[in-house]
Amino acid sequence: MINYRKMNLKENPQLNVLNHSCAHQLAQAVKHLYPHAKFWVGPVISDGFYYDIDLGDDAIQEADLPKIEKEMKKCAKDAKKIVREEISKADALEMFKDDPYKIDLISNMDENEVVISCYRQGDFTDLCRGPHVENTKFLKHFKLTKVSGAYWKADAKNKMLQRVYGVCFENEEDLNGYLKYMEEAKQRDHRKIGKEMDIFMLSDLVGKGLPMWLPNGYTVWRILNNYITDKEIARGYKHVHTPDLGSVDLYKTSGHWDHYKADMFAPMVKINEGNRDRTLGAILKDIDDSKLEDDVYVLRPMNCPHHMVIYGSRMHSYRDLPLRIAEIANDFRFEAQGAVKGIERARSFTQNDSHIFCTPAQIESEFKGVVDLILDTYRDFGFKDYTFRLSLRDPADTEKYFPDDEMWNSAEASLRNVLDDLGINYFEAIGEAAFYGPKLDVLVQPAVGNEVALSTIQLDFLLPRRFELTYIDENNNKQTPVVIHRAILGSLDRFIAFLLEETMGNLPLWLAPEQFTIIPVNPNVHSDFAYDLCRRMAAEGFRVKVDDRNEKLGYRVREAQVKKVTIQVVIGDNEVQNDLVTIRRHGQKQQLTMSVSDFLAAMHREVAEKLLNPEGEE
RNA sequence: GCCGAUAUGGCGUAGUAGGUAGCGCAACGCAUUCGUAAUGCGUGGGUCCGCAGUUCGAGUCUGCGUAUCGGCACCA
């Protein structure tokens with residue numbers, strides 16, 4: 001049985017080869033249907049294969065996929081042997097002379113070190129390292145899933161090719177299982193659940209990428225805010241509150257202005273005679289030339305600079321360190337149009353941020369403390385599927401990363417040490433570091449789309465220097481502290497998005513925006529008891545309401561289930577006469593009758609201990 | 001930003017060859033008072049995303065814009 005959720009073809013050799021071969025079959029079909037097509041190969045991805053194609057002015061659209069699938073089926077039915085052929089570089093250059101993309105690839109191959117191999121199936125030959133299945137007859141159970149544009153060599157400066165995605169399985173059952181899983185995943189999408197549960201809304205009038213939190217959503221938001229703040233306080237964090245904007249000079253000092261101004265909201269100046277008719281470009285130029293005399297502000301895209309300034313505002317002894325400054329902070333980033341996605345990636349969001357100022361000797365223990373906090377937090381939410389990514393700089397990218405090899409090497413080495421020490425499984429990713437230092441990201445898989453980072457820990461030797469931060473060591477010498485940037489929930493917004501997808505909106509009692517609905521069997525007879533109970537529960541801090549509408553009991557129960565109310569409390573003659581409640585949990589058929597006092601005690605316990613929902617009956 | 005698709009009352013949708021909009025849920029009203037996933041009947045609500053164009057006539061065709069969706073690129 002395939003676990004579609006965690007399907008990683010790179011770790012499944014059999015499926016990997018199958019998808020690899022199916023990509024070639026796709027190319028063959030496209031070649032038949034579009035003889036002028038020029039190709040680039042597509043690798044296998046975690047959940048299928050793709051192939052990039054240059055069709056000139058022509059384009060493959062989603063409506064064309066069935067046609068291509070039909071052609072692919074024909075290729076599979078032909079049952080051609082797939083034959084490996086090894087050729088010389090010169091032969092390869094000749095053979096693929098019509099495919100500029102492969103020529104590019106072949107030209108860069110070292111013929112002494114690399115065997116140049118091709119795979120032939122019928123009248124179609126493709127350059128490939130292999131391996132492949134033996135015969136196209138194994139390639140019957142596939143589906144083309146989507147088309148899109150994709151940049152040649154993954155670089156936005158390059159030409160955009162057509163990319164066709166697909167997935168191939170050994171048998172029809174596995175394929176159908178996958179398609180069914182993908183359908184279910186769409187039902188889990190936080191944008192869908194968020195709408196159904198009135199978590200947040202978007203409005204064109206307010207603006208793209210600017211989610212508004214509705215009462216239900218803000219309830220969850222507020223609980224998470226308190227939850228993480230309390231947890232941090234218990235671990236010695238000091239919370240601050242700083243403005244949502246800052247002067248441009250602040251970001252010039254930090255270096256963010258140079259790196260990210262294109263993705264920040266445009267600078268703000270007071271409108272006056274001097275600048276009324278000036279273009280934004282002129283103002284930006286003056287900012288860069290330090291010629292603008294007015295105060296210029298930007299909406300902050302991150303909080304590091306503010307916290308640096310707080311640290312720098314007074315003298316610190318090594319005895320004060322580590323100093324952990326934390327904030328639940330609003331940030332604003334002008335995300336690219338195509339990047340905005342619900343509350344997972346918005347243009348205004350709220351970070352659960354902190355900057356830990358410490359001595360170099362404290363890096364390891366602080367880092368471990370943060371990892372521990374992350375694991376502790378994930379345990380509370382029952383998260384199990386996440387991966388650690390050690391994000392390193394790309395030494396070749398001197399534009400993004402400040403050039404100080406020694407600093408980078410020691411920072412990266414110390415992160416590795418801690419991870420190995422803690423025995424954490426992680427993978428390394430070159431070129432994923434922040435411009436100021438390497439980081440450890442915790443990645444999760446949303447219902448739809450690419451992996452996203454939830455938590456992050458970043459090591460920073462650069463900002464303390466830029467802000468000239470110091471502490472006095474035991475020998476009365478000035479030293480530069482190290483900063484660890486970290487976010488546990490990441491952004492509250494993204495965290496809630498993930499939480500909704502993981503739970504399908506069925507949040508555990510302590511988080512559920514609608515915890516209880518009290519349903520009097522006969523509103524005319526049982527309402528007094530229901531409202532008394534409701535008042536009492538509300539006074540004790542529960543989120544509860546009475547549904548005494550003039551509807552049948554079954555109707556009101558159904559609606560409470562559909563609305564994902566955690567617990568339904570039904571009140572009838574038996575309950576009123578004996579001071580009882582009959583409860584039914586969301587997603588379960590079982591009913592329990594108990595005394596009101598036992599019920600309240602159990603519910604208080606469930607909230608206090610943050611118990612997760614019991615497994616559903618289905 | 002790039003490639004492509006989509007856009008109909010609060011939500012989900014129908015509208016096949018252009019002839020001024022249906023349906024389900026929700027809402028509201030009346031009847032019903034019913035012990036665990038939909039009681040019946042009735043009522044109201046839509047400048048068919050915006051702007052411009054083609055046409056005697058546009059939800060339906062064309063162009064531009066906006067938003068949403070699927071990818072790509074980006075993600076401090």
# chains A, B, ... in the order shown; residues from 1 in each chain; ligands from 1
call {"tool": "interface_residues", "arguments": {"of": "chain B", "to": "chain A", "cutoff": "7 Å", "atoms": "only C-alpha atoms (C1' of nucleotides)", "output": "PyMOL selection string"}}
result
chain B and resi 1+3-4+33-38+67+71-73+76
call {"tool": "write_last_selection", "arguments": {"atoms": "N, CA and C atoms (P, O5', C5', C4', C3', O3' and C1' of nucleotides)", "output": "CSV table (one decimal), in the first residue's frame"}}
result
chain,number,residue,atom,x,y,z
B,1,G,P,2.6,41.8,-11.5
B,1,G,O5',3.9,41.0,-12.0
B,1,G,C5',4.9,41.8,-12.6
B,1,G,C4',6.0,40.9,-13.0
B,1,G,C3',5.6,39.8,-13.9
B,1,G,O3',5.5,40.2,-15.3
B,1,G,C1',6.9,38.9,-12.2
B,3,C,P,3.9,35.5,-20.0
B,3,C,O5',3.6,33.9,-19.8
B,3,C,C5',4.3,33.0,-20.6
B,3,C,C4',3.8,31.6,-20.3
B,3,C,C3',2.3,31.4,-20.4
B,3,C,O3',1.9,31.2,-21.7
B,3,C,C1',3.1,30.4,-18.4
B,4,G,P,0.4,31.8,-22.1
B,4,G,O5',-0.6,30.8,-21.3
B,4,G,C5',-0.9,29.5,-21.8
B,4,G,C4',-1.6,28.8,-20.7
B,4,G,C3',-3.0,29.2,-20.4
B,4,G,O3',-4.0,28.9,-21.4
B,4,G,C1',-1.9,28.6,-18.4
B,33,U,P,-47.0,20.0,17.1
B,33,U,O5',-45.5,19.8,17.6
B,33,U,C5',-44.8,18.6,17.5
B,33,U,C4',-43.6,18.7,18.5
B,33,U,C3',-44.0,18.8,20.0
B,33,U,O3',-43.1,18.0,20.8
B,33,U,C1',-42.6,20.6,19.3
B,34,C,P,-43.3,16.5,20.9
B,34,C,O5',-42.0,16.0,20.3
B,34,C,C5',-42.0,14.7,19.5
B,34,C,C4',-41.1,14.8,18.4
B,34,C,C3',-39.6,14.8,18.6
B,34,C,O3',-39.1,13.5,18.7
B,34,C,C1',-40.1,16.3,16.9
B,35,G,P,-38.6,13.0,20.2
B,35,G,O5',-37.1,12.5,20.0
B,35,G,C5',-36.2,13.2,19.1
B,35,G,C4',-34.8,12.8,19.5
B,35,G,C3',-34.6,11.3,19.5
B,35,G,O3',-33.3,11.0,19.1
B,35,G,C1',-34.1,12.2,21.6
B,36,U,P,-32.8,9.7,18.3
B,36,U,O5',-31.6,10.3,17.4
B,36,U,C5',-31.8,11.3,16.5
B,36,U,C4',-30.5,12.0,16.2
B,36,U,C3',-29.3,11.0,16.0
B,36,U,O3',-28.5,11.6,15.0
B,36,U,C1',-28.8,12.4,17.8
B,37,A,P,-28.0,10.9,13.7
B,37,A,O5',-27.8,12.1,12.7
B,37,A,C5',-28.6,13.2,12.8
B,37,A,C4',-28.5,13.9,11.4
B,37,A,C3',-28.7,12.9,10.3
B,37,A,O3',-29.2,13.6,9.1
B,37,A,C1',-26.5,13.9,10.3
B,38,A,P,-30.7,13.2,8.6
B,38,A,O5',-31.6,14.4,9.0
B,38,A,C5',-31.0,15.7,9.3
B,38,A,C4',-31.9,16.8,8.8
B,38,A,C3',-33.1,16.4,7.9
B,38,A,O3',-34.0,17.4,7.9
B,38,A,C1',-31.5,17.4,6.5
B,67,A,P,-4.9,42.1,-8.5
B,67,A,O5',-5.9,41.0,-8.1
B,67,A,C5',-6.8,41.2,-7.0
B,67,A,C4',-7.9,40.1,-6.9
B,67,A,C3',-7.3,38.7,-6.8
B,67,A,O3',-7.1,38.4,-5.5
B,67,A,C1',-9.0,38.8,-8.5
B,71,G,P,0.1,23.2,-7.5
B,71,G,O5',1.2,23.1,-8.7
B,71,G,C5',2.3,23.9,-8.7
B,71,G,C4',2.9,24.0,-10.1
B,71,G,C3',4.1,24.7,-10.2
B,71,G,O3',5.2,23.9,-9.9
B,71,G,C1',2.7,25.5,-11.8
B,72,C,P,6.5,24.5,-9.1
B,72,C,O5',7.1,25.5,-10.1
B,72,C,C5',7.7,25.0,-11.4
B,72,C,C4',8.2,26.2,-12.1
B,72,C,C3',9.1,27.1,-11.4
B,72,C,O3',10.5,26.6,-11.3
B,72,C,C1',7.6,28.4,-12.5
B,73,A,P,11.3,26.8,-9.9
B,73,A,O5',11.5,28.4,-10.0
B,73,A,C5',12.4,29.0,-10.9
B,73,A,C4',12.3,30.5,-10.8
B,73,A,C3',12.6,31.1,-9.4
B,73,A,O3',13.9,31.2,-9.0
B,73,A,C1',10.7,32.1,-10.3
B,76,A,P,14.3,33.6,2.9
B,76,A,O5',14.6,34.4,4.3
B,76,A,C5',15.9,34.9,4.6
B,76,A,C4',15.8,36.2,5.3
B,76,A,C3',14.5,36.4,6.2
B,76,A,O3',14.7,35.8,7.4
B,76,A,C1',14.8,38.3,4.8
call {"tool": "select_by_dssp", "arguments": {"residues": "stretch 342-562 of chain A", "states": "strand (DSSP E or B)", "output": "VMD selection string"}}
result
chain A and resid 345 348 to 358 387 to 392 426 to 430 434 437 439 to 444 452 to 460 471 to 472 478 to 479 482 to 491 516 to 520 544 to 546
call {"tool": "atom_distance", "arguments": {"atom1": "atom CA of A:Val544", "atom2": "atom CA of A:Asn226"}}
result
20.1 Å
call {"tool": "residues_around", "arguments": {"residues": "B:C11", "least_positions_apart": "3", "cutoff": "12 Å", "atoms": "only C-alpha atoms (C1' of nucleotides)", "output": "list in words"}}
result
Lys192, Lys195, Glu196, Met197 and Asp198 of chain A; G24, C25, A26 and A27 of chain B
call {"tool": "residues_around", "arguments": {"residues": "B:C30", "least_positions_apart": "6", "cutoff": "12 Å", "atoms": "only C-alpha atoms (C1' of nucleotides)", "output": "PyMOL selection string"}}
result
chain B and resi 40-43
call {"tool": "residues_around", "arguments": {"residues": "B:U62", "least_positions_apart": "3", "cutoff": "12 Å", "atoms": "only C-alpha atoms (C1' of nucleotides)", "output": "PDB file with C-alpha atoms (C1' of nucleotides), in the first residue's frame"}}
result
ATOM      1  C1'   A B  52     -14.300  49.319 -23.449  1.00  0.00           C
ATOM      2  C1'   G B  53     -15.782  47.087 -28.144  1.00  0.00           C
ATOM      3  C1'   U B  54     -18.597  43.852 -31.962  1.00  0.00           C
ATOM      4  C1'   U B  55     -24.068  43.280 -32.587  1.00  0.00           C
ATOM      5  C1'   A B  58     -23.862  39.844 -24.814  1.00  0.00           C
TER       6        A B  58
END
call {"tool": "closest_residue", "arguments": {"among": "A:Glu615, A:Glu85, A:Asp441, A:Asp47", "to": "A:Leu459", "atoms": "only C-alpha atoms"}}
result
A:Asp441
call {"tool": "closest_residue", "arguments": {"among": "A:Thr279, A:Ser455, A:Thr398, A:Thr242", "to": "A:Phe495", "atoms": "only C-alpha atoms"}}
result
A:Ser455
call {"tool": "closest_residue", "arguments": {"among": "A:Ala90, A:Leu440, A:Leu454, A:Met264", "to": "A:Val371", "atoms": "only C-alpha atoms"}}
result
A:Leu440
